[in-house]
file protein14.cif (mmCIF, C-alpha atoms and all ligand atoms)
data_model
#
loop_
_atom_site.label_atom_id
_atom_site.label_comp_id
_atom_site.auth_asym_id
_atom_site.auth_seq_id
_atom_site.Cartn_x
_atom_site.Cartn_y
_atom_site.Cartn_z
CA MET G 290 71.28 155.17 132.02
CA VAL G 291 72.63 157.05 129.00
CA GLN G 292 71.69 160.72 129.19
CA PRO G 293 69.49 161.57 126.19
CA ARG G 294 70.55 164.38 123.86
CA LYS G 295 67.97 166.93 122.82
CA GLN G 296 69.81 167.74 119.62
CA PHE G 297 69.10 164.25 118.27
CA ALA G 298 65.51 164.10 119.58
CA GLN G 299 66.45 161.30 121.96
CA HIS G 300 63.68 159.86 124.10
CA TRP G 301 64.32 156.35 125.38
CA LEU G 302 61.35 154.06 125.23
CA LYS G 303 60.96 152.27 128.56
CA SER G 304 57.50 150.72 128.34
CA GLU G 305 57.52 146.95 127.92
CA LYS G 306 53.94 147.16 126.74
CA ALA G 307 54.83 149.56 123.91
CA LEU G 308 57.82 147.40 122.93
CA ASP G 309 55.58 144.31 122.84
CA ALA G 310 53.11 146.15 120.60
CA ILE G 311 55.83 147.26 118.16
CA VAL G 312 57.37 143.79 117.92
CA LYS G 313 53.98 142.14 117.50
CA ALA G 314 52.95 144.61 114.77
CA ALA G 315 56.14 143.82 112.86
CA GLU G 316 55.08 140.14 112.61
CA CYS G 317 58.72 139.10 112.53
CA GLN G 318 59.68 136.03 110.51
CA GLU G 319 63.00 134.20 110.67
CA SER G 320 63.62 135.30 107.10
CA ASP G 321 63.10 139.03 107.78
CA ARG G 322 65.82 141.57 107.02
CA ILE G 323 65.05 144.54 109.22
CA LEU G 324 65.98 148.21 109.01
CA GLU G 325 65.90 150.15 112.27
CA ILE G 326 66.37 153.93 112.28
CA GLY G 327 67.70 155.43 115.52
CA PRO G 328 68.34 152.37 117.71
CA GLY G 329 69.41 154.63 120.58
CA THR G 330 70.43 152.44 123.50
CA GLY G 331 69.15 149.38 121.65
CA ILE G 332 66.07 148.55 123.67
CA LEU G 333 64.07 147.62 120.56
CA THR G 334 67.12 146.25 118.73
CA ARG G 335 67.69 143.66 121.46
CA ARG G 336 64.09 142.47 121.14
CA LEU G 337 64.24 142.14 117.36
CA LEU G 338 67.65 140.53 116.84
CA PRO G 339 66.78 137.02 118.06
CA LEU G 340 63.62 136.94 115.93
CA VAL G 341 64.94 137.80 112.50
CA LYS G 342 67.53 136.89 109.89
CA TYR G 343 69.38 140.16 110.30
CA LEU G 344 68.99 143.77 111.32
CA VAL G 345 70.68 146.89 109.99
CA ALA G 346 70.47 149.91 112.29
CA VAL G 347 71.32 153.50 111.37
CA GLU G 348 72.26 155.76 114.28
CA ILE G 349 73.53 159.33 114.03
CA ASP G 350 75.05 159.61 117.51
CA ARG G 351 78.66 158.36 117.49
CA ASP G 352 78.81 157.83 121.25
CA LEU G 353 75.69 155.68 121.15
CA CYS G 354 77.14 153.68 118.28
CA GLU G 355 80.20 152.88 120.34
CA LEU G 356 78.08 151.92 123.29
CA LEU G 357 75.79 149.72 121.21
CA VAL G 358 78.69 147.84 119.67
CA LYS G 359 80.21 147.34 123.11
CA GLN G 360 76.96 146.19 124.72
CA LEU G 361 75.59 144.02 121.95
CA GLY G 362 78.96 142.47 121.30
CA LYS G 363 79.76 140.94 117.97
CA LYS G 364 76.54 139.54 116.58
CA ASP G 365 76.51 137.84 113.19
CA ASN G 366 73.11 139.20 112.30
CA PHE G 367 73.61 142.83 113.35
CA LEU G 368 75.06 145.67 111.30
CA LEU G 369 75.29 149.19 112.69
CA LEU G 370 75.82 152.14 110.36
CA GLN G 371 76.76 155.46 111.89
CA GLY G 372 75.25 158.43 110.07
CA ASP G 373 72.27 160.58 109.31
CA PHE G 374 69.59 158.32 107.88
CA LEU G 375 68.29 161.13 105.68
CA ASN G 376 71.64 161.59 103.94
CA LEU G 377 72.55 157.95 103.71
CA ASP G 378 72.46 156.01 100.47
CA LEU G 379 71.53 152.72 102.07
CA VAL G 380 71.73 150.59 98.95
CA SER G 381 75.27 151.68 98.10
CA GLN G 382 76.39 151.50 101.76
CA LEU G 383 75.15 147.92 101.99
CA LYS G 384 77.04 146.89 98.87
CA ALA G 385 80.11 146.46 101.04
CA PHE G 386 78.26 144.01 103.31
CA SER G 387 77.22 141.03 101.24
CA ASP G 388 75.42 139.40 104.20
CA PHE G 389 73.10 142.37 104.67
CA GLN G 390 71.31 142.90 101.38
CA LYS G 391 67.71 143.72 100.49
CA LEU G 392 66.03 144.82 103.67
CA ASN G 393 62.32 143.94 103.65
CA LYS G 394 60.87 145.53 106.80
CA VAL G 395 61.32 148.67 108.84
CA VAL G 396 60.76 148.67 112.59
CA ALA G 397 61.68 151.80 114.51
CA ASN G 398 61.04 154.32 117.22
CA ILE G 399 62.20 157.26 115.16
CA PRO G 400 63.35 160.80 116.02
CA TYR G 401 60.14 162.85 115.85
CA ASN G 402 61.77 166.00 114.49
CA ILE G 403 62.34 164.29 111.12
CA THR G 404 59.25 162.06 110.89
CA GLY G 405 58.02 163.51 107.58
CA PRO G 406 61.36 163.20 105.75
CA ILE G 407 61.89 159.66 107.13
CA ILE G 408 58.48 158.49 105.86
CA GLU G 409 59.17 160.11 102.52
CA LYS G 410 62.54 158.38 102.25
CA LEU G 411 60.97 155.00 103.10
CA LEU G 412 57.96 155.27 100.78
CA GLY G 413 59.18 157.70 98.16
CA THR G 414 56.72 160.19 96.71
CA ILE G 415 53.69 159.95 94.42
CA SER G 416 55.83 160.90 91.41
CA ASN G 417 58.88 158.96 92.56
CA PRO G 418 57.83 155.97 94.67
CA ASN G 419 60.46 153.77 96.26
CA PRO G 420 61.24 151.25 93.47
CA GLU G 421 61.94 148.55 96.06
CA PRO G 422 59.10 148.97 98.53
CA PHE G 423 59.30 147.39 101.97
CA ASP G 424 56.84 144.66 102.94
CA SER G 425 55.87 146.68 106.00
CA ILE G 426 56.95 149.68 108.03
CA VAL G 427 56.16 149.81 111.74
CA LEU G 428 56.91 153.15 113.35
CA LEU G 429 56.44 154.83 116.67
CA VAL G 430 55.53 158.42 115.87
CA GLN G 431 53.95 161.46 117.43
CA LYS G 432 50.21 160.84 117.89
CA GLU G 433 49.19 163.89 115.82
CA VAL G 434 51.20 162.57 112.89
CA ALA G 435 49.79 159.06 113.33
CA GLU G 436 46.26 160.48 113.19
CA ARG G 437 47.02 162.13 109.87
CA LEU G 438 48.55 158.96 108.46
CA TYR G 439 45.50 156.75 109.00
CA ALA G 440 42.81 159.48 108.72
CA GLN G 441 39.79 158.82 106.54
CA PRO G 442 38.42 161.40 104.08
CA GLY G 443 35.93 163.78 105.62
CA SER G 444 37.70 163.82 108.97
CA ARG G 445 39.42 166.86 110.41
CA THR G 446 42.83 165.15 110.36
CA PHE G 447 42.69 164.10 106.69
CA GLY G 448 45.28 166.35 105.08
CA ALA G 449 47.87 166.50 102.32
CA LEU G 450 50.10 164.05 104.21
CA SER G 451 47.23 161.56 104.43
CA VAL G 452 46.66 161.65 100.68
CA ARG G 453 50.35 161.49 99.79
CA VAL G 454 51.05 158.57 102.11
CA GLN G 455 47.82 156.66 101.48
CA TYR G 456 48.49 156.84 97.75
CA LEU G 457 51.57 154.72 98.45
CA ALA G 458 50.63 152.59 101.44
CA LYS G 459 47.85 151.19 103.54
CA CYS G 460 48.08 152.82 106.98
CA GLU G 461 46.79 151.48 110.26
CA LEU G 462 46.89 152.47 113.90
CA ILE G 463 48.31 149.73 116.14
CA CYS G 464 48.04 151.49 119.51
CA THR G 465 48.62 154.77 121.27
CA VAL G 466 51.56 155.21 123.64
CA PRO G 467 51.51 157.79 126.43
CA ALA G 468 54.33 160.30 126.86
CA SER G 469 55.13 158.60 130.19
CA ALA G 470 56.39 155.55 128.28
CA PHE G 471 59.60 157.46 127.49
CA TYR G 472 62.55 158.96 129.32
CA PRO G 473 62.43 161.89 129.20
CA PRO G 474 58.73 162.09 128.35
CA PRO G 475 58.18 164.04 125.12
CA LYS G 476 55.67 166.91 125.12
CA VAL G 477 53.22 164.86 123.08
CA ASP G 478 51.64 161.42 123.15
CA SER G 479 52.72 158.85 120.60
CA ALA G 480 51.28 156.03 118.54
CA VAL G 481 52.47 152.91 116.79
CA VAL G 482 51.43 152.79 113.14
CA ARG G 483 51.93 150.20 110.43
CA LEU G 484 52.31 151.16 106.79
CA ILE G 485 52.00 148.48 104.13
CA PRO G 486 53.31 149.85 100.83
CA GLN G 487 51.05 148.89 97.95
CA GLN G 488 50.30 149.98 94.43
CA ILE G 489 47.14 151.99 94.14
CA ALA G 490 44.42 150.30 92.01
CA ILE G 491 44.14 153.17 89.52
CA PRO G 492 47.29 155.30 89.49
CA ALA G 493 47.52 158.93 88.45
CA GLN G 494 48.46 159.41 84.79
CA ASP G 495 50.33 162.56 85.69
CA PRO G 496 51.69 162.01 89.22
CA LYS G 497 53.48 165.36 89.32
CA ARG G 498 50.23 167.15 88.62
CA LEU G 499 48.51 165.20 91.38
CA GLU G 500 51.23 166.33 93.80
CA THR G 501 50.74 169.95 92.79
CA LEU G 502 46.97 169.78 93.13
CA ILE G 503 47.16 168.14 96.56
CA LYS G 504 49.49 170.87 97.75
CA LEU G 505 47.30 173.67 96.41
CA GLY G 506 44.04 171.98 97.37
CA PHE G 507 44.97 171.81 101.03
CA ALA G 508 46.69 175.21 101.10
CA SER G 509 43.78 176.89 102.80
CA LYS G 510 41.92 174.20 104.67
CA ARG G 511 38.67 176.03 105.20
CA LYS G 512 38.21 177.02 101.60
CA MET G 513 36.33 175.01 99.03
CA LEU G 514 38.51 172.98 96.69
CA ARG G 515 37.48 175.00 93.64
CA ASN G 516 38.68 178.17 95.34
CA ASN G 517 42.00 176.68 96.39
CA LEU G 518 42.59 175.38 92.86
CA GLN G 519 41.39 178.39 90.91
CA SER G 520 44.90 179.47 89.99
CA VAL G 521 45.34 176.23 88.03
CA ILE G 522 41.80 175.14 87.07
CA ASP G 523 39.00 177.44 86.06
CA ARG G 524 36.27 177.33 88.76
CA ASP G 525 33.48 176.51 86.30
CA ARG G 526 35.52 173.79 84.69
CA LEU G 527 36.22 172.22 88.08
CA THR G 528 32.57 172.46 89.10
CA GLU G 529 31.68 170.61 85.91
CA LEU G 530 34.35 167.96 86.47
CA LEU G 531 33.27 167.37 90.05
CA ALA G 532 29.67 166.99 88.91
CA GLN G 533 30.79 164.40 86.35
CA LEU G 534 32.49 162.48 89.13
CA ASN G 535 29.37 162.72 91.29
CA ILE G 536 31.15 164.92 93.79
CA ASN G 537 29.49 167.91 95.43
CA PRO G 538 31.09 171.00 93.80
CA GLN G 539 31.35 172.62 97.22
CA VAL G 540 33.73 169.98 98.58
CA ARG G 541 36.82 170.83 100.54
CA ALA G 542 40.13 169.08 99.88
CA GLU G 543 39.73 166.94 103.00
CA ASP G 544 36.48 165.42 101.69
CA LEU G 545 37.96 163.76 98.61
CA SER G 546 39.18 160.18 98.93
CA VAL G 547 42.55 159.27 97.43
CA ALA G 548 40.76 157.50 94.56
CA GLN G 549 38.69 160.65 93.92
CA TRP G 550 41.84 162.78 93.84
CA VAL G 551 43.22 160.46 91.21
CA SER G 552 40.00 160.45 89.15
CA LEU G 553 39.92 164.21 89.25
CA VAL G 554 43.49 164.56 88.01
CA ASN G 555 43.00 161.85 85.39
CA GLN G 556 39.96 163.71 84.00
CA LEU G 557 41.71 167.05 83.64
N1 LIG J 1 64.85 153.62 119.37
C1 LIG J 1 65.36 154.13 120.63
C2 LIG J 1 65.73 155.63 120.55
C3 LIG J 1 64.65 156.53 120.07
S1 LIG J 1 65.15 158.23 120.13
C4 LIG J 1 64.35 153.89 121.73
O1 LIG J 1 63.23 153.50 121.42
O2 LIG J 1 64.65 154.07 122.90
C5 LIG J 1 65.59 158.56 118.46
C6 LIG J 1 66.95 157.98 118.05
O3 LIG J 1 67.22 158.39 116.71
C7 LIG J 1 68.12 158.45 118.88
O4 LIG J 1 68.95 157.38 119.17
C8 LIG J 1 68.84 159.46 117.98
O5 LIG J 1 70.21 159.59 118.24
C9 LIG J 1 68.57 158.87 116.61
N2 LIG J 1 68.61 159.83 115.51
C10 LIG J 1 68.25 161.14 115.52
N3 LIG J 1 68.39 161.70 114.31
C11 LIG J 1 68.84 160.71 113.48
C12 LIG J 1 69.19 160.66 112.10
N4 LIG J 1 69.07 161.73 111.34
N5 LIG J 1 69.64 159.48 111.59
C13 LIG J 1 69.75 158.38 112.38
N6 LIG J 1 69.43 158.36 113.69
C14 LIG J 1 68.99 159.52 114.25
#
call {"tool": "encode", "arguments": {"input": "protein14.cif", "output": "structure tokens", "more": "lines below"}}
Ligand code: SAH
result
Amino acid sequence: MVQPRKQFAQHWLKSEKALDAIVKAAECQESDRILEIGPGTGILTRRLLPLVKYLVAVEIDRDLCELLVKQLGKKDNFLLLQGDFLNLDLVSQLKAFSDFQKLNKVVANIPYNITGPIIEKLLGTISNPNPEPFDSIVLLVQKEVAERLYAQPGSRTFGALSVRVQYLAKCELICTVPASAFYPPPKVDSAVVRLIPQQIAIPAQDPKRLETLIKLGFASKRKMLRNNLQSVIDRDRLTELLAQLNINPQVRAEDLSVAQWVSLVNQL
């Protein structure tokens, strides 16, 4: 057993059931070109490799990279890149490997300390979406984050992250995974989620403005939206706009659906 390093948020998944759920959610096809972030000791990598065309894994830990190469041997459909996924320019790195172009799916049990930045790198942002979106992204994440990703408006967990991500992708819960499924067990439970990037039906005309309003709108969760936004939109004006959109003027940020956020910004 390779001793996990805290510094890289290493928790080895050991549950066969969780691995089955991840692989099933990825709906692997023989033509799939997979990206895995943080393969660790390769428990998920080994499952995926026989099912897909090829897999590119990005792992920060040099020692693990050596071990993976040694253990997996030379496989034609496996490429391991050593580095920090967040600082890696994947497209330019892959230029040197003509057999490993255009990845179409992400499947990964990621390091939880950088979940937000990883999701943002995979999806892009509202004002700068990933120009080459993946077909699907299956991730094992901390349960609290998962709940925010698939939350519906009006629920306690529907926050700025929910709006930002759901603007760019359909999000679904696949299953929850207990802390005991890992070695060492993390402090929190986990969940498998699937994100399907898709273009929103009616996009924001001014995406930057939408980003600003989401940030401000959720700044103080218990306040009404018109109070959170009063520094940028006059309260009376917002009350009027909300009425026009058939929205109760006393709403809080968490009550607006993504489509309503867009309508609001497009009416301003
Ligand atoms: N997928 C493996 C390991 C999960 S632990 C399993 O399920 O068992 C998270 C993994 O991400 C570790 O291998 C860790 O070294 C790696 N990692 C942490 N930070 C990273 C980063 N910035 N870029 C790439 N890999 C990273």
call {"tool": "residues_around", "arguments": {"input": "protein14.cif", "residues": "stretch 425-431 of chain G", "least_positions_apart": "5", "cutoff": "7 Å", "atoms": "only C-alpha atoms", "output": "list of chain:residue names"}}
result
G:Ile311, G:Ala314, G:Ala315, G:Lys394, G:Val395, G:Val396, G:Ala397, G:Asn398, G:Ile399, G:Tyr401, G:Val477, G:Asp478, G:Ser479, G:Ala480, G:Val481, G:Val482, G:Arg483, G:Leu484, G:Ile485, G:Pro486
call {"tool": "residues_around", "arguments": {"input": "protein14.cif", "residues": "G:Glu500", "least_positions_apart": "2", "cutoff": "12 Å", "atoms": "only C-alpha atoms", "output": "list of chain:residue names"}}
result
G:Thr414, G:Ile415, G:Ser416, G:Asn417, G:Ala449, G:Leu450, G:Val452, G:Arg453, G:Val454, G:Tyr456, G:Ala493, G:Gln494, G:Asp495, G:Pro496, G:Lys497, G:Arg498, G:Leu502, G:Ile503, G:Lys504, G:Leu505, G:Gly506, G:Phe507, G:Val547, G:Trp550, G:Val551, G:Val554
call {"tool": "closest_residue", "arguments": {"input": "protein14.cif", "among": "G:Leu369, G:Ala385, G:Ile332, G:Cys317", "to": "ligand LIG 1 (chain J)", "atoms": "all atoms listed in the file"}}
result
G:Ile332
call {"tool": "residues_near_ligand", "arguments": {"input": "protein14.cif", "ligand": "ligand LIG 1 (chain J)", "cutoff": "10 Å", "atoms": "all atoms listed in the file", "output": "PyMOL selection string"}}
result
chain G and resi 293-304+307-308+325-334+346-354+370-377+396-404+406-407+428-429+470-472
call {"tool": "write_last_selection", "arguments": {"input": "protein14.cif", "atoms": "C-alpha atoms", "output": "tab-separated table (two decimals), in the frame of the given file"}}
result
chain	number	residue	atom	x	y	z
G	293	PRO	CA	69.49	161.57	126.19
G	294	ARG	CA	70.55	164.38	123.86
G	295	LYS	CA	67.97	166.93	122.82
G	296	GLN	CA	69.81	167.74	119.62
G	297	PHE	CA	69.10	164.25	118.27
G	298	ALA	CA	65.51	164.10	119.58
G	299	GLN	CA	66.45	161.30	121.96
G	300	HIS	CA	63.68	159.86	124.10
G	301	TRP	CA	64.32	156.35	125.38
G	302	LEU	CA	61.35	154.06	125.23
G	303	LYS	CA	60.96	152.27	128.56
G	304	SER	CA	57.50	150.72	128.34
G	307	ALA	CA	54.83	149.56	123.91
G	308	LEU	CA	57.82	147.40	122.93
G	325	GLU	CA	65.90	150.15	112.27
G	326	ILE	CA	66.37	153.93	112.28
G	327	GLY	CA	67.70	155.43	115.52
G	328	PRO	CA	68.34	152.37	117.71
G	329	GLY	CA	69.41	154.63	120.58
G	330	THR	CA	70.43	152.44	123.50
G	331	GLY	CA	69.15	149.38	121.65
G	332	ILE	CA	66.07	148.55	123.67
G	333	LEU	CA	64.07	147.62	120.56
G	334	THR	CA	67.12	146.25	118.73
G	346	ALA	CA	70.47	149.91	112.29
G	347	VAL	CA	71.32	153.50	111.37
G	348	GLU	CA	72.26	155.76	114.28
G	349	ILE	CA	73.53	159.33	114.03
G	350	ASP	CA	75.05	159.61	117.51
G	351	ARG	CA	78.66	158.36	117.49
G	352	ASP	CA	78.81	157.83	121.25
G	353	LEU	CA	75.69	155.68	121.15
G	354	CYS	CA	77.14	153.68	118.28
G	370	LEU	CA	75.82	152.14	110.36
G	371	GLN	CA	76.76	155.46	111.89
G	372	GLY	CA	75.25	158.43	110.07
G	373	ASP	CA	72.27	160.58	109.31
G	374	PHE	CA	69.59	158.32	107.88
G	375	LEU	CA	68.29	161.13	105.68
G	376	ASN	CA	71.64	161.59	103.94
G	377	LEU	CA	72.55	157.95	103.71
G	396	VAL	CA	60.76	148.67	112.59
G	397	ALA	CA	61.68	151.80	114.51
G	398	ASN	CA	61.04	154.32	117.22
G	399	ILE	CA	62.20	157.26	115.16
G	400	PRO	CA	63.35	160.80	116.02
G	401	TYR	CA	60.14	162.85	115.85
G	402	ASN	CA	61.77	166.00	114.49
G	403	ILE	CA	62.34	164.29	111.12
G	404	THR	CA	59.25	162.06	110.89
G	406	PRO	CA	61.36	163.20	105.75
G	407	ILE	CA	61.89	159.66	107.13
G	428	LEU	CA	56.91	153.15	113.35
G	429	LEU	CA	56.44	154.83	116.67
G	470	ALA	CA	56.39	155.55	128.28
G	471	PHE	CA	59.60	157.46	127.49
G	472	TYR	CA	62.55	158.96	129.32
call {"tool": "closest_residue", "arguments": {"input": "protein14.cif", "among": "G:Gly448, G:Pro475, G:Pro467, G:Pro442", "to": "G:Ser546", "atoms": "only C-alpha atoms"}}
result
G:Pro442
call {"tool": "closest_residue", "arguments": {"input": "protein14.cif", "among": "G:Arg541, G:Arg526, G:Pro492, G:Arg336", "to": "G:Ala508", "atoms": "all atoms listed in the file"}}
result
G:Arg541
call {"tool": "closest_residue", "arguments": {"input": "protein14.cif", "among": "G:Phe423, G:Phe447, G:Tyr439, G:Phe386", "to": "G:Arg322", "atoms": "all atoms listed in the file"}}
result
G:Phe423
call {"tool": "atom_distance", "arguments": {"input": "protein14.cif", "atom1": "atom CA of G:Phe389", "atom2": "atom CA of G:Gly362"}}
result
17.6 Å
call {"tool": "atom_distance", "arguments": {"input": "protein14.cif", "atom1": "atom CA of G:Gln360", "atom2": "atom CA of G:Arg335"}}
result
10.1 Å
call {"tool": "closest_residue", "arguments": {"input": "protein14.cif", "among": "G:Pro473, G:Pro538, G:Pro422, G:Gly413", "to": "G:Gln292", "atoms": "all atoms listed in the file"}}
result
G:Pro473
call {"tool": "atom_distance", "arguments": {"input": "protein14.cif", "atom1": "atom CA of G:Asp378", "atom2": "atom CA of G:Pro418"}}
result
15.7 Å
call {"tool": "residues_around", "arguments": {"input": "protein14.cif", "residues": "G:Glu529", "least_positions_apart": "5", "cutoff": "12 Å", "atoms": "all atoms listed in the file", "output": "PyMOL selection string"}}
result
chain G and resi 515+522-524+534-539+553+556-557
call {"tool": "axis_aligned_box", "arguments": {"input": "protein14.cif", "around": "stretch 436-451 of chain G", "padding_each_side": "5 Å", "output": "AutoDock Vina command-line options"}}
result
--center_x 43.0 --center_y 161.8 --center_z 107.8 --size_x 24.2 --size_y 20.1 --size_z 20.9
call {"tool": "closest_residue", "arguments": {"input": "protein14.cif", "among": "G:Asn517, G:Gln549, G:Thr465, G:Thr501", "to": "G:Glu436", "atoms": "only C-alpha atoms"}}
result
G:Thr465
call {"tool": "build_atoms", "arguments": {"input": "protein14.cif", "residues": "stretch 381-400 of chain G", "atoms": "N, CA and C atoms", "output": "compact mmCIF listing (two decimals), keeping the file's coordinate frame"}}
result
# COMPACT_ATOMS: atom_id res chain seq x y z
N SER G 381 73.84 151.71 98.43
CA SER G 381 75.27 151.68 98.10
C SER G 381 76.10 151.37 99.35
N GLN G 382 75.68 151.83 100.51
CA GLN G 382 76.39 151.50 101.76
C GLN G 382 76.40 149.98 101.99
N LEU G 383 75.27 149.36 101.69
CA LEU G 383 75.15 147.92 101.99
C LEU G 383 75.90 147.05 100.99
N LYS G 384 76.30 147.66 99.88
CA LYS G 384 77.04 146.89 98.87
C LYS G 384 78.29 146.25 99.47
N ALA G 385 78.88 146.95 100.43
CA ALA G 385 80.11 146.46 101.04
C ALA G 385 79.85 145.29 102.01
N PHE G 386 78.58 145.06 102.33
CA PHE G 386 78.26 144.01 103.31
C PHE G 386 77.37 142.97 102.66
N SER G 387 77.99 141.97 102.06
CA SER G 387 77.22 141.03 101.24
C SER G 387 76.18 140.25 102.06
N ASP G 388 76.38 140.14 103.37
CA ASP G 388 75.42 139.40 104.20
C ASP G 388 74.19 140.22 104.58
N PHE G 389 74.18 141.49 104.22
CA PHE G 389 73.10 142.37 104.67
C PHE G 389 72.42 143.08 103.51
N GLN G 390 71.93 142.30 102.56
CA GLN G 390 71.31 142.90 101.38
C GLN G 390 69.78 142.93 101.51
N LYS G 391 69.16 143.75 100.70
CA LYS G 391 67.71 143.72 100.49
C LYS G 391 66.88 143.65 101.77
N LEU G 392 66.82 144.76 102.45
CA LEU G 392 66.03 144.82 103.67
C LEU G 392 64.55 144.79 103.29
N ASN G 393 63.72 144.05 104.05
CA ASN G 393 62.32 143.94 103.65
C ASN G 393 61.34 144.59 104.64
N LYS G 394 61.79 144.90 105.85
CA LYS G 394 60.87 145.53 106.80
C LYS G 394 61.57 146.65 107.56
N VAL G 395 60.79 147.61 107.98
CA VAL G 395 61.32 148.67 108.84
C VAL G 395 60.60 148.59 110.18
N VAL G 396 61.35 148.63 111.26
CA VAL G 396 60.76 148.67 112.59
C VAL G 396 61.56 149.70 113.38
N ALA G 397 60.90 150.75 113.86
CA ALA G 397 61.68 151.80 114.51
C ALA G 397 60.86 152.75 115.37
N ASN G 398 61.51 153.18 116.44
CA ASN G 398 61.04 154.32 117.22
C ASN G 398 61.91 155.48 116.78
N ILE G 399 61.38 156.28 115.87
CA ILE G 399 62.20 157.26 115.16
C ILE G 399 62.30 158.61 115.89
N PRO G 400 63.30 159.43 115.50
CA PRO G 400 63.35 160.80 116.02
C PRO G 400 62.19 161.62 115.44
